[in-house]
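Engineer: Submitted below is the structure of interest, expressed as structure tokens.
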Amino acid sequence: MKRVTIRDVAKLAGVGIATVSRVLNNKGEVSPTTRRRVLEAAKSLGYIPNSLARSLISGRTKKVGIVITTLLNPFYAAVVTGIESVLASRGYTLALYNSNEDPKKEREAILTLIEQRVDGLILAPVEYESENVKRLIEHQIPFVLVARRVKESNVNFVVADDFKVGKIATEHLLEKGHRKILFLNSWKSSSAKLRLDGYKEALKEAGLSVNAKFIYSLAPSVEVKPILESVLSNRNRPTAIFCFCDSIALEVIKVLKSIGLRIPEDMAVVGCDNLDYTELLDPPLTTIDISRFEMGVKAAKILLELLDSENKNLIQHTFEPKLIIRDST
């Protein structure tokens, strides 16, 4: 579905762009016949009027939509800060929406942004197999995925190498002598899938079988404490925990301390994201840095390139993860 512009309306109505602008803004003198022809053309094309007069002429709103899981997640707060640092310097404003890991909310946000005629979108997709991303492709909206990929290969993205994240974290715990490693994963997203693949590959290379009872996919509403209490009550319990993100790791550390387990003596813990507070924890958290601020900067630069250039070649960038070893392992 091609994005309808004011030029398309003018062409169908057989008038100039300035005339269309006057009709849609209800300003200036236009004959009733011409006004009716313009409005009928706009309706038949499905044109959504832009609230800003300048965009009716230029086709640009200087607004970029951002859809992430939630700004309450410090990882995405850093990503958005990186995006804003680039776009603000170019005169763009941001329209930010939270999906809260809900595909329906993500869809509503995308449709709202399309109606607002944003110039482009930056999206952290909820699902790996994403109907919402397909919708963006159909509407021919310039967009860049950030932090997460989707099944479609013909999209622009900026991500970390999530397979390596899972592999590096697990290898580190294996090197520390652990053979029973619990993985508290996220769900649905490409990051969750790839980090699980990396976790399994590291175990395989170490000659260990994958224990399905040591893998949990945590939906946003799932609490860590009941899971940990259940796992740790078994005789065959893990000696180390790899957490999908630092936020989960923080909850894990709280639970472990509440039941009297020492870190790392009784249980080693690894997170991911290298959030600012992780080095201030007791003990400081071993984690994996995936360039969260730089990820936002890169996504914004790619989107600007898509908007400013006639070259529509795919731009896909992957950051290398870096293990940050601290006292929790």
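Scheme for the structure tokens: letters A, B, ... for chains in order shown; per-chain residue numbers from 1; ligand numbers from 1 in order shown.
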List the neighbours of A:Ala77 out to 10 Å using only C-alpha atoms; skip same-chain residues closer than 4 positions along the sequence, and give me the result as a PyMOL selection string.
Structural biologist: chain A and resi 68+70-73+81-83+292-293+296
Engineer: Residues near A:Leu228, anyone? I mean within 10 Å using only C-alpha atoms, not counting same-chain ones fewer than 6 positions away, as a ChimeraX atom specification.
Structural biologist: /A:182,184,237,241,252,255-256
Engineer: Apply DSSP to the structure's backbone, then extract all residues of stretch 67-314 of chain A labelled strand (DSSP E or B) and return them as an MDAnalysis selection string.
Structural biologist: chainID A and resid 67:68 93:98 120:123 143:146 157:160 181:185 215:217 240:243 268:270 286:289
Engineer: Can you pull out the residues contacting A:Leu123? Cut-off 9 Å, using only C-alpha atoms, and skip same-chain residues under 6 positions away; I want them as a ChimeraX atom specification.
Structural biologist: /A:65-68,133,143-148
Engineer: If I take atom CA of A:Lys225 and atom CA of A:Glu251, how far is one from the other in Å, to one decimal?
Structural biologist: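 For atom CA of A:Lys225 relative to atom CA of A:Glu251, the distance reads 7.8 Å.
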Engineer: How many Å separate atom CA of A:Phe244 from atom CA of A:Val165?
Structural biologist: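 So the answer is 9.2 Å.
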Engineer: Between A:Ser233, A:Ser153, A:Ser190, A:Ser328, which is the closest to A:Tyr128 once you count only C-alpha atoms?
Structural biologist: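 Selected residue with least distance to A:Tyr128: A:Ser190.
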Engineer: Under the rule that only C-alpha atoms are counted, which of A:Leu87, A:Ala240, A:Leu12, A:Ile168 is the nearest residue to A:Phe183?
Structural biologist: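 Under the stated criterion, the closest residue is A:Ala240.
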Engineer: Quick one: residues within 12 Å of A:Ala88, only C-alpha atoms, excluding same-chain residues fewer than 2 positions away - as a PyMOL selection string?
Structural biologist: chain A and resi 62-64+80-86+90-94+297+300-301+304
Engineer: For those residues, write N, CA, C and O atoms to a file as a compact mmCIF listing (two decimals), in the first residue's frame.
Structural biologist:
# COMPACT_ATOMS: atom_id res chain seq x y z
N LYS A 62 8.68 16.35 10.09
CA LYS A 62 9.83 16.45 11.00
C LYS A 62 9.50 15.78 12.34
O LYS A 62 9.94 16.20 13.40
N LYS A 63 8.71 14.72 12.26
CA LYS A 63 8.37 13.94 13.45
C LYS A 63 8.69 12.47 13.18
O LYS A 63 8.40 11.95 12.11
N VAL A 64 9.30 11.83 14.18
CA VAL A 64 9.63 10.41 14.09
C VAL A 64 8.93 9.67 15.21
O VAL A 64 8.94 10.12 16.36
N VAL A 80 16.48 5.24 23.70
CA VAL A 80 15.73 6.44 23.29
C VAL A 80 16.57 7.69 23.45
O VAL A 80 16.51 8.61 22.61
N THR A 81 17.38 7.75 24.49
CA THR A 81 18.28 8.91 24.67
C THR A 81 19.25 9.01 23.51
O THR A 81 19.53 10.11 23.01
N GLY A 82 19.76 7.87 23.06
CA GLY A 82 20.65 7.86 21.89
C GLY A 82 19.94 8.33 20.64
O GLY A 82 20.48 9.10 19.84
N ILE A 83 18.71 7.87 20.45
CA ILE A 83 17.92 8.30 19.29
C ILE A 83 17.69 9.80 19.31
O ILE A 83 17.90 10.50 18.31
N GLU A 84 17.28 10.30 20.47
CA GLU A 84 16.97 11.73 20.61
C GLU A 84 18.20 12.59 20.38
O GLU A 84 18.10 13.68 19.79
N SER A 85 19.36 12.14 20.82
CA SER A 85 20.58 12.94 20.67
C SER A 85 20.90 13.22 19.20
O SER A 85 21.48 14.26 18.88
N VAL A 86 20.48 12.30 18.33
CA VAL A 86 20.73 12.49 16.89
C VAL A 86 19.60 13.28 16.23
O VAL A 86 19.84 14.25 15.51
N ARG A 90 18.78 17.49 14.39
CA ARG A 90 18.31 17.70 13.01
C ARG A 90 16.91 18.30 12.97
O ARG A 90 16.29 18.33 11.91
N GLY A 91 16.42 18.76 14.11
CA GLY A 91 15.13 19.44 14.14
C GLY A 91 13.92 18.53 14.20
O GLY A 91 12.78 18.97 13.99
N TYR A 92 14.11 17.25 14.51
CA TYR A 92 12.99 16.32 14.59
C TYR A 92 12.43 16.26 16.01
O TYR A 92 13.17 16.39 16.99
N THR A 93 11.14 16.06 16.10
CA THR A 93 10.51 15.78 17.38
C THR A 93 10.17 14.29 17.42
O THR A 93 10.00 13.65 16.38
N LEU A 94 10.04 13.76 18.64
CA LEU A 94 9.77 12.34 18.82
C LEU A 94 8.36 12.12 19.35
O LEU A 94 7.91 12.85 20.25
N VAL A 297 21.70 5.66 18.81
CA VAL A 297 22.36 6.61 17.90
C VAL A 297 22.40 6.04 16.49
O VAL A 297 22.06 6.72 15.51
N ALA A 300 18.96 5.92 14.75
CA ALA A 300 18.53 7.25 14.29
C ALA A 300 19.29 7.66 13.03
O ALA A 300 18.69 8.22 12.09
N LYS A 301 20.57 7.38 12.98
CA LYS A 301 21.37 7.74 11.80
C LYS A 301 20.91 6.96 10.56
O LYS A 301 20.87 7.51 9.45
N LEU A 304 17.64 8.51 9.33
CA LEU A 304 17.90 9.75 8.61
C LEU A 304 18.43 9.47 7.21
O LEU A 304 18.07 10.16 6.25
